[in-house]
$ cat model-v7.txt   # compact mmCIF, C-alpha atoms and all ligand atoms
# COMPACT_ATOMS: atom_id res chain seq x y z
CA MET A 1 -48.27 13.03 60.69
CA THR A 2 -45.28 15.34 61.03
CA SER A 3 -43.29 17.20 58.44
CA ASN A 4 -40.16 15.46 57.22
CA PRO A 5 -37.88 18.05 55.60
CA SER A 6 -35.06 15.57 54.89
CA SER A 7 -34.02 14.14 51.55
CA THR A 8 -35.58 10.82 52.52
CA THR A 9 -39.14 9.82 53.34
CA ALA A 10 -40.27 8.41 56.69
CA THR A 11 -39.31 4.94 55.45
CA GLY A 12 -35.77 6.10 54.60
CA ALA A 13 -36.29 6.02 50.83
CA PRO A 14 -34.73 8.84 48.78
CA ARG A 15 -37.48 11.33 47.96
CA ALA A 16 -38.89 10.77 44.47
CA GLY A 17 -38.09 13.96 42.56
CA GLY A 18 -36.61 15.64 45.64
CA ALA A 19 -38.48 17.48 48.37
CA GLY A 20 -41.42 19.82 47.78
CA GLN A 21 -43.78 21.65 50.06
CA LEU A 22 -47.48 20.92 50.65
CA GLY A 23 -48.62 23.41 53.27
CA ASP A 24 -46.43 22.80 56.31
CA ARG A 25 -45.53 19.29 55.16
CA SER A 26 -42.50 18.27 53.11
CA VAL A 27 -43.39 15.69 50.49
CA SER A 28 -41.64 14.09 47.55
CA ARG A 29 -42.22 16.09 44.38
CA VAL A 30 -43.21 12.93 42.50
CA GLY A 31 -46.38 11.68 44.12
CA TYR A 32 -49.04 9.31 42.87
CA GLY A 33 -52.61 9.84 41.68
CA ALA A 34 -54.67 6.80 42.68
CA MET A 35 -57.63 7.22 40.29
CA GLN A 36 -56.28 4.69 37.77
CA LEU A 37 -56.41 1.98 40.47
CA GLU A 38 -60.16 1.74 39.77
CA ARG A 39 -59.10 -0.26 36.71
CA LEU A 40 -57.61 -2.94 39.00
CA HIS A 41 -60.98 -3.78 40.56
CA GLY A 42 -60.50 -7.38 39.48
CA ASP A 43 -56.91 -7.64 40.73
CA ARG A 44 -56.66 -6.32 44.27
CA PRO A 45 -53.20 -7.88 44.91
CA ALA A 46 -51.79 -5.98 41.91
CA ALA A 47 -53.24 -2.71 43.19
CA ILE A 48 -51.78 -3.27 46.66
CA ALA A 49 -48.39 -4.20 45.18
CA LEU A 50 -48.41 -0.98 43.18
CA LEU A 51 -49.10 1.17 46.23
CA ARG A 52 -46.39 -0.63 48.23
CA ARG A 53 -43.94 -0.14 45.35
CA ALA A 54 -44.76 3.59 45.34
CA VAL A 55 -43.88 3.86 49.03
CA GLU A 56 -40.69 1.86 48.43
CA LEU A 57 -39.72 4.25 45.62
CA GLY A 58 -39.96 7.31 47.85
CA VAL A 59 -43.49 8.47 47.03
CA ASP A 60 -45.20 9.95 50.08
CA HIS A 61 -48.00 12.02 48.55
CA VAL A 62 -51.03 10.12 47.26
CA ASP A 63 -54.14 11.68 45.75
CA THR A 64 -57.49 9.95 46.13
CA ALA A 65 -61.27 10.45 46.41
CA GLU A 66 -64.17 8.53 47.90
CA PHE A 67 -65.74 8.50 44.44
CA TYR A 68 -62.78 6.60 42.90
CA GLY A 69 -64.49 3.25 42.55
CA ASP A 70 -67.07 4.16 45.19
CA GLY A 71 -64.68 3.69 48.13
CA PHE A 72 -62.68 0.92 46.42
CA VAL A 73 -59.52 3.05 45.99
CA ASN A 74 -59.70 4.45 49.53
CA GLY A 75 -60.04 0.87 50.81
CA LEU A 76 -56.89 -0.11 48.93
CA ILE A 77 -55.00 2.81 50.44
CA ARG A 78 -56.21 1.90 53.92
CA GLU A 79 -55.02 -1.66 53.44
CA SER A 80 -51.68 -0.84 51.79
CA ILE A 81 -50.35 2.31 53.40
CA HIS A 82 -49.60 2.45 57.12
CA PRO A 83 -49.04 5.39 59.48
CA GLU A 84 -45.32 4.61 59.74
CA ASP A 85 -44.99 5.11 55.96
CA GLY A 86 -45.53 8.83 56.56
CA VAL A 87 -47.60 9.20 53.39
CA VAL A 88 -49.69 12.35 53.00
CA VAL A 89 -53.02 11.12 51.61
CA VAL A 90 -54.95 13.93 49.96
CA SER A 91 -58.63 13.53 49.16
CA LYS A 92 -61.25 15.68 47.54
CA VAL A 93 -64.93 16.53 48.00
CA GLY A 94 -67.50 18.06 45.68
CA ALA A 95 -68.74 14.92 43.93
CA ASP A 96 -70.34 11.64 44.96
CA PRO A 97 -70.13 8.20 43.35
CA ALA A 98 -72.85 7.50 40.78
CA SER A 99 -73.69 4.83 38.24
CA GLY A 100 -73.70 5.60 34.54
CA PRO A 101 -71.15 6.54 31.92
CA ILE A 102 -69.72 9.27 34.21
CA PRO A 103 -69.37 7.49 37.56
CA LEU A 104 -69.84 10.59 39.68
CA ARG A 105 -72.33 13.37 40.23
CA PRO A 106 -71.86 16.83 41.70
CA ALA A 107 -72.19 17.06 45.49
CA GLN A 108 -71.36 20.70 46.04
CA ARG A 109 -73.71 21.67 48.84
CA PRO A 110 -72.03 22.32 52.23
CA GLU A 111 -73.82 19.40 53.90
CA GLN A 112 -72.68 17.16 51.04
CA LEU A 113 -69.07 18.31 51.48
CA ARG A 114 -69.27 17.35 55.14
CA ALA A 115 -70.86 13.97 54.37
CA SER A 116 -68.10 13.30 51.87
CA VAL A 117 -65.37 14.15 54.39
CA GLU A 118 -67.05 11.76 56.84
CA ALA A 119 -67.15 9.04 54.17
CA ASN A 120 -63.44 9.55 53.44
CA LEU A 121 -62.58 9.33 57.15
CA ARG A 122 -64.46 6.03 57.36
CA SER A 123 -63.09 4.41 54.22
CA LEU A 124 -59.50 5.54 54.84
CA GLY A 125 -59.81 4.50 58.50
CA VAL A 126 -58.34 7.72 59.94
CA ASP A 127 -59.38 10.34 62.49
CA ARG A 128 -58.45 13.29 60.32
CA LEU A 129 -57.57 13.92 56.70
CA ALA A 130 -54.24 15.60 55.88
CA VAL A 131 -55.54 17.71 52.99
CA VAL A 132 -58.98 17.88 51.36
CA ASN A 133 -59.45 19.58 48.02
CA LEU A 134 -62.70 21.41 47.51
CA ARG A 135 -63.42 20.28 43.97
CA ARG A 136 -65.36 23.05 42.28
CA LEU A 137 -66.90 22.72 38.84
CA ASP A 138 -65.67 26.04 37.48
CA SER A 139 -62.91 25.06 35.08
CA GLY A 140 -61.31 22.19 33.21
CA PRO A 141 -62.91 19.05 31.80
CA GLY A 142 -65.85 17.25 33.39
CA LEU A 143 -69.10 18.15 35.02
CA ARG A 144 -70.62 21.62 35.38
CA ALA A 145 -73.02 22.59 38.19
CA ASP A 146 -76.69 23.40 37.68
CA GLY A 147 -79.79 23.73 39.86
CA ASP A 148 -79.12 23.45 43.59
CA GLN A 149 -75.57 22.37 42.82
CA VAL A 150 -74.65 25.95 41.96
CA VAL A 151 -73.22 26.90 45.36
CA ASP A 152 -71.42 30.07 46.34
CA LEU A 153 -67.73 29.47 46.96
CA ASP A 154 -67.82 31.41 50.24
CA ASP A 155 -70.51 29.07 51.64
CA GLN A 156 -68.36 26.07 50.74
CA LEU A 157 -65.21 27.58 52.19
CA ALA A 158 -67.05 28.33 55.44
CA GLU A 159 -67.91 24.62 55.72
CA MET A 160 -64.35 23.55 54.88
CA VAL A 161 -62.94 25.96 57.49
CA ALA A 162 -65.46 24.68 60.05
CA MET A 163 -64.32 21.11 59.41
CA ARG A 164 -60.69 22.22 59.76
CA ASP A 165 -61.54 23.97 63.06
CA GLU A 166 -63.28 20.81 64.25
CA GLY A 167 -60.13 18.76 63.50
CA MET A 168 -61.65 16.62 60.74
CA ILE A 169 -59.15 17.93 58.21
CA ASP A 170 -55.72 19.50 58.60
CA ALA A 171 -55.58 21.60 55.46
CA ILE A 172 -57.72 22.79 52.56
CA GLY A 173 -56.97 22.68 48.84
CA LEU A 174 -58.92 23.91 45.83
CA SER A 175 -59.60 22.03 42.61
CA SER A 176 -61.10 22.79 39.19
CA ALA A 177 -61.30 26.42 40.18
CA ASP A 178 -60.73 29.62 38.22
CA LEU A 179 -58.48 32.58 38.99
CA ASP A 180 -61.26 34.59 40.63
CA GLY A 181 -62.14 31.61 42.86
CA LEU A 182 -58.52 31.13 43.86
CA ARG A 183 -58.20 34.80 44.82
CA ARG A 184 -61.35 34.54 46.93
CA ALA A 185 -60.23 31.30 48.59
CA ILE A 186 -56.68 32.33 49.56
CA PRO A 187 -57.73 34.09 52.80
CA ALA A 188 -59.21 30.76 54.02
CA GLY A 189 -55.69 29.27 53.90
CA ILE A 190 -55.25 27.17 50.76
CA VAL A 191 -52.27 24.77 50.64
CA CYS A 192 -52.65 23.43 47.10
CA VAL A 193 -54.52 23.81 43.84
CA GLN A 194 -55.42 20.82 41.65
CA ASN A 195 -56.42 21.90 38.15
CA ALA A 196 -56.08 20.12 34.82
CA TYR A 197 -52.71 21.26 33.48
CA SER A 198 -49.88 19.80 31.42
CA LEU A 199 -47.30 20.74 28.84
CA VAL A 200 -50.06 20.61 26.20
CA ALA A 201 -52.78 22.33 28.31
CA ARG A 202 -51.30 25.41 29.92
CA ALA A 203 -54.29 27.77 30.08
CA ASP A 204 -53.91 28.16 33.85
CA GLU A 205 -50.44 29.71 33.77
CA ASP A 206 -51.80 32.79 35.60
CA MET A 207 -53.13 30.60 38.43
CA LEU A 208 -49.81 28.80 38.70
CA ALA A 209 -48.06 32.18 38.98
CA LEU A 210 -50.43 33.25 41.76
CA CYS A 211 -49.83 29.95 43.59
CA ALA A 212 -46.06 30.41 43.25
CA SER A 213 -46.25 33.92 44.71
CA GLU A 214 -48.38 32.68 47.63
CA GLY A 215 -46.36 29.51 48.35
CA ILE A 216 -49.32 27.31 47.37
CA ALA A 217 -48.49 23.94 45.81
CA TRP A 218 -49.58 23.50 42.18
CA VAL A 219 -50.64 19.86 41.76
CA PRO A 220 -51.75 19.40 38.16
CA TYR A 221 -54.20 16.64 37.42
CA PHE A 222 -54.05 15.05 33.97
CA PRO A 223 -50.28 15.81 33.92
CA LEU A 224 -49.99 13.49 30.90
CA GLY A 225 -53.36 14.39 29.41
CA SER A 226 -55.32 11.64 31.21
CA ALA A 227 -56.56 8.22 30.06
CA PHE A 228 -59.73 9.76 28.61
CA PRO A 229 -60.09 9.72 24.83
CA GLY A 230 -60.35 13.12 23.19
CA MET A 231 -58.05 14.86 25.66
CA PRO A 232 -54.82 16.36 24.29
CA LYS A 233 -52.03 13.89 25.15
CA VAL A 234 -48.55 15.06 26.15
CA THR A 235 -46.97 11.97 24.61
CA GLU A 236 -48.44 12.73 21.19
CA ALA A 237 -46.73 16.12 20.80
CA PRO A 238 -44.00 15.70 18.13
CA THR A 239 -41.54 17.93 20.06
CA VAL A 240 -42.00 15.82 23.19
CA ARG A 241 -41.28 12.68 21.21
CA ALA A 242 -38.21 14.24 19.57
CA VAL A 243 -36.79 15.41 22.92
CA ALA A 244 -37.41 11.95 24.39
CA GLU A 245 -35.51 10.33 21.54
CA THR A 246 -32.59 12.71 21.93
CA LEU A 247 -32.39 12.18 25.70
CA GLY A 248 -33.02 8.43 25.57
CA CYS A 249 -36.11 8.51 27.79
CA THR A 250 -39.85 8.18 27.21
CA PRO A 251 -42.25 10.95 26.11
CA SER A 252 -44.14 10.58 29.42
CA GLN A 253 -40.93 11.22 31.32
CA VAL A 254 -40.25 14.35 29.27
CA GLY A 255 -43.74 15.67 30.05
CA LEU A 256 -43.36 15.03 33.78
CA ALA A 257 -39.81 16.40 33.97
CA TRP A 258 -40.97 19.55 32.15
CA LEU A 259 -43.65 20.11 34.82
CA LEU A 260 -41.12 19.71 37.64
CA GLN A 261 -38.69 22.13 36.02
CA HIS A 262 -41.40 24.62 35.08
CA SER A 263 -42.00 25.73 38.66
CA PRO A 264 -40.71 24.68 42.10
CA GLU A 265 -44.32 24.82 43.35
CA VAL A 266 -45.27 21.86 41.12
CA LEU A 267 -45.97 18.54 42.85
CA LEU A 268 -46.78 15.62 40.55
CA ILE A 269 -49.55 13.04 40.94
CA PRO A 270 -49.38 11.06 37.67
CA GLY A 271 -51.86 8.21 37.56
CA THR A 272 -51.05 4.69 36.50
CA ALA A 273 -52.22 1.12 37.07
CA ASP A 274 -48.92 -0.26 35.77
CA ILE A 275 -45.91 -0.78 38.06
CA SER A 276 -43.36 -0.24 35.28
CA HIS A 277 -45.03 3.09 34.45
CA LEU A 278 -44.91 4.03 38.13
CA GLU A 279 -41.17 3.28 38.15
CA ALA A 280 -40.68 5.35 34.98
CA ASN A 281 -42.63 8.25 36.50
CA VAL A 282 -40.50 8.22 39.64
CA ALA A 283 -37.36 8.10 37.47
CA ALA A 284 -38.62 11.20 35.63
CA GLY A 285 -38.06 13.03 38.91
CA SER A 286 -34.31 12.67 38.36
CA LEU A 287 -34.35 13.70 34.70
CA ALA A 288 -32.73 17.08 34.02
CA LEU A 289 -33.91 18.72 30.81
CA ASP A 290 -31.16 20.80 29.16
CA GLU A 291 -31.69 24.37 28.01
CA GLU A 292 -32.16 23.39 24.37
CA SER A 293 -34.88 20.89 25.29
CA LEU A 294 -36.60 23.42 27.54
CA VAL A 295 -36.66 26.01 24.76
CA ALA A 296 -38.12 23.47 22.33
CA LEU A 297 -40.73 22.29 24.84
CA GLY A 298 -41.64 25.87 25.74
CA ALA A 299 -42.72 26.35 22.12
CA VAL A 300 -45.17 23.40 22.16
CA PRO A 301 -48.61 24.90 21.61
CA SER A 302 -51.09 24.75 24.49
CA ARG A 303 -54.24 22.89 23.43
CA SER A 304 -56.38 23.79 26.44
CA ALA A 305 -59.10 24.96 24.05
CA ASP A 306 -59.39 21.37 22.76
CA VAL A 307 -60.20 19.98 26.23
CA PRO A 308 -63.77 18.65 26.06
CA LEU A 309 -66.25 19.86 28.68
CA GLY A 310 -68.75 17.53 30.31
N1 LIG A 401 -58.82 17.19 41.32
C1 LIG A 401 -59.49 16.56 40.38
O1 LIG A 401 -60.62 16.92 40.07
C2 LIG A 401 -58.89 15.40 39.64
C3 LIG A 401 -59.45 15.01 38.43
C4 LIG A 401 -58.88 13.95 37.76
C5 LIG A 401 -57.78 13.30 38.28
N2 LIG A 401 -57.25 13.69 39.48
C6 LIG A 401 -56.05 13.01 40.03
O2 LIG A 401 -54.97 13.25 39.14
C7 LIG A 401 -54.32 12.00 38.88
C8 LIG A 401 -53.65 12.05 37.53
O3 LIG A 401 -54.62 12.13 36.50
P1 LIG A 401 -54.98 10.90 35.55
O4 LIG A 401 -54.52 9.63 36.18
O5 LIG A 401 -56.39 11.01 35.18
O6 LIG A 401 -54.17 11.23 34.22
P2 LIG A 401 -52.64 11.30 33.82
O7 LIG A 401 -51.75 11.09 34.99
O8 LIG A 401 -52.45 12.50 32.97
O9 LIG A 401 -52.51 10.07 32.82
C9 LIG A 401 -52.84 8.78 33.16
C10 LIG A 401 -52.69 7.95 31.91
O10 LIG A 401 -51.31 7.95 31.50
C11 LIG A 401 -50.83 6.62 31.46
N3 LIG A 401 -49.47 6.63 31.99
C12 LIG A 401 -49.08 7.02 33.22
N4 LIG A 401 -47.74 6.90 33.35
C13 LIG A 401 -47.29 6.44 32.16
C14 LIG A 401 -46.00 6.12 31.65
N5 LIG A 401 -44.91 6.24 32.40
N6 LIG A 401 -45.90 5.68 30.37
C15 LIG A 401 -47.00 5.55 29.61
N7 LIG A 401 -48.24 5.84 30.02
C16 LIG A 401 -48.39 6.28 31.29
C17 LIG A 401 -51.77 5.79 32.28
O11 LIG A 401 -51.88 4.49 31.77
P3 LIG A 401 -51.34 3.22 32.62
O12 LIG A 401 -52.28 3.04 33.75
O13 LIG A 401 -51.37 2.12 31.63
O14 LIG A 401 -49.96 3.57 33.06
C18 LIG A 401 -53.11 6.53 32.08
O15 LIG A 401 -53.69 6.10 30.86
C19 LIG A 401 -55.45 10.98 39.00
O16 LIG A 401 -54.95 9.67 39.12
C20 LIG A 401 -56.22 11.50 40.18
O17 LIG A 401 -55.62 11.05 41.37
C21 LIG A 401 -57.78 14.75 40.16

$ encode --input "model-v7.txt" --output "structure tokens"
Amino acid sequence: MTSNPSSTTATGAPRAGGAGQLGDRSVSRVGYGAMQLERLHGDRPAAIALLRRAVELGVDHVDTAEFYGDGFVNGLIRESIHPEDGVVVVSKVGADPASGPIPLRPAQRPEQLRASVEANLRSLGVDRLAVVNLRRLDSGPGLRADGDQVVDLDDQLAEMVAMRDEGMIDAIGLSSADLDGLRRAIPAGIVCVQNAYSLVARADEDMLALCASEGIAWVPYFPLGSAFPGMPKVTEAPTVRAVAETLGCTPSQVGLAWLLQHSPEVLLIPGTADISHLEANVAAGSLALDEESLVALGAVPSRSADVPLG
């Protein structure tokens, strides 16, 4: 897939949220996180319609993982998105599908990273993956590594670089990492960082600043605070609700627009299983927050300390 620096995507749609940079690729700044599609297991046509609508709306950056529905989400992407759509599909490794209340388990060992890349290639039906995030277990909500799953970052990066050299992946990203890990990973050539971050969970401001200075895309996951109970929700912050009322938009749109205006390195991958929410999220890419709103939103307290760990 080639870079498309124009104001439209490969299909001619105006870029959702304008153009951003993901390594050497231009992508729309409003992308789509496909994890919520797991909820449409019983309604495959609805999931496919949602992905097609995303492409139609100028979304050309989609985040996925083999462990989203144990290959189900990758299968949907394979069926719905075609090479001529020019969509950059970004996957991640570092966990495998599992049964139980948390449907994944750590898979951090280098041979497991490679097996996961191979599984993604198969389920997405491609010869190489555009970007693969090495999902560490160092920060943010979710699992933590123990036993043989505690793996040195350098050993993992060596495997990721080997797979890039072999042509299995084009570019490497880092996820759920800490500042020290990011500093260590930069020499390997990192194009993006995916950490949990939103208007109400801003603990990683120092990592965002480092990404901005290095030209690395900052792709926050849980940009709205996720669908998980117990996580701080952007839409529940009273200031967000007040700004939304003043501007005549929704609290979700305020939270997403704030992220886009916070730093040009931000690329969004909000997750939804609802087409009208997808449309609202794309529209948030055209929402300009005025100075007064930005000052008010800047004073919203960060609740990163309230994020539950796995
Ligand atoms: N790197 C990693 O380790 C990692 C970890 C987790 C997630 N991710 C990626 O990040 C993406 C985003 O995270 P996420 O999906 O967990 O959380 P999120 O985007 O913060 O929030 C998703 C939740 O917000 C709701 N929502 C979305 N748009 C809305 C709108 N316009 N109005 C009202 N509600 C709205 C969704 O419900 P509806 O479905 O009803 O709209 C869902 O409940 C994921 O989809 C996944 O691709 C990456």

$ closest_residue --input "model-v7.txt" --among "A:Thr235, A:Ser302, A:Thr250, A:Ser28" --to "Ala284 (chain A)" --atoms "all atoms listed in the file"
A:Thr250

$ closest_residue --input "model-v7.txt" --among "A:Gly17, A:Gly173, A:Gly147, A:Pro301" --to "Leu259 (chain A)" --atoms "all atoms listed in the file"
A:Gly17

$ residues_near_ligand --input "model-v7.txt" --ligand "ligand LIG 401 (chain A)" --cutoff "6 Å" --atoms "all atoms listed in the file" --output "list in words"
Gly33, Ala34, Met35, Gln36, Asp63, Thr64, Arg135, Ser175, Ser176, Gln194, Tyr221, Phe222, Pro223, Leu224, Gly225, Ser226, Ala227, Ser252, Ile269, Pro270, Gly271, Thr272, Ala273, Asp274, His277, Ala280 and Asn281 of chain A

$ residues_around --input "model-v7.txt" --residues "Asn133 (chain A)" --least-positions-apart "2" --cutoff "9 Å" --atoms "all atoms listed in the file" --output "ChimeraX atom specification"
/A:90-94,131,135-136,171-175,192-194

$ closest_residue --input "model-v7.txt" --among "A:Pro187, A:Gly140, A:Pro232, A:Gly215" --to "Asp154 (chain A)" --atoms "all atoms listed in the file"
A:Pro187

$ closest_residue --input "model-v7.txt" --among "A:Leu256, A:Ala242, A:Cys249, A:Ala217" --to "Val200 (chain A)" --atoms "only C-alpha atoms"
A:Leu256

$ closest_residue --input "model-v7.txt" --among "A:Val266, A:Ala130, A:Val88, A:Leu157" --to "Glu205 (chain A)" --atoms "only C-alpha atoms"
A:Val266

$ closest_residue --input "model-v7.txt" --among "A:Gly75, A:Pro83, A:Gly100, A:Pro106" --to "Ser123 (chain A)" --atoms "all atoms listed in the file"
A:Gly75

$ atom_distance --input "model-v7.txt" --atom1 "CA of Leu143 (chain A)" --atom2 "CA of Leu182 (chain A)"
18.9 Å

$ atom_distance --input "model-v7.txt" --atom1 "CA of Ile186 (chain A)" --atom2 "CA of Gln149 (chain A)"
22.4 Å

$ residues_around --input "model-v7.txt" --residues "Leu124 (chain A)" --least-positions-apart "4" --cutoff "9 Å" --atoms "only C-alpha atoms" --output "PyMOL selection string"
chain A and resi 66+71+74-79+119-120+129

$ write_last_selection --input "model-v7.txt" --atoms "C-alpha atoms" --output "short mmCIF file (atom, residue, chain, number, x, y, z; two decimals), in the frame of the given file"
data_model
loop_
_atom_site.label_atom_id
_atom_site.label_comp_id
_atom_site.auth_asym_id
_atom_site.auth_seq_id
_atom_site.Cartn_x
_atom_site.Cartn_y
_atom_site.Cartn_z
CA GLU A 66 -64.17 8.53 47.90
CA GLY A 71 -64.68 3.69 48.13
CA ASN A 74 -59.70 4.45 49.53
CA GLY A 75 -60.04 0.87 50.81
CA LEU A 76 -56.89 -0.11 48.93
CA ILE A 77 -55.00 2.81 50.44
CA ARG A 78 -56.21 1.90 53.92
CA GLU A 79 -55.02 -1.66 53.44
CA ALA A 119 -67.15 9.04 54.17
CA ASN A 120 -63.44 9.55 53.44
CA LEU A 129 -57.57 13.92 56.70
#

$ axis_aligned_box --input "model-v7.txt" --around "region 76-90 of chain A" --padding-each-side "6 Å" --output "AutoDock Vina command-line options"
--center_x -50.9 --center_y 6.1 --center_z 54.3 --size_x 23.9 --size_y 27.6 --size_z 22.8
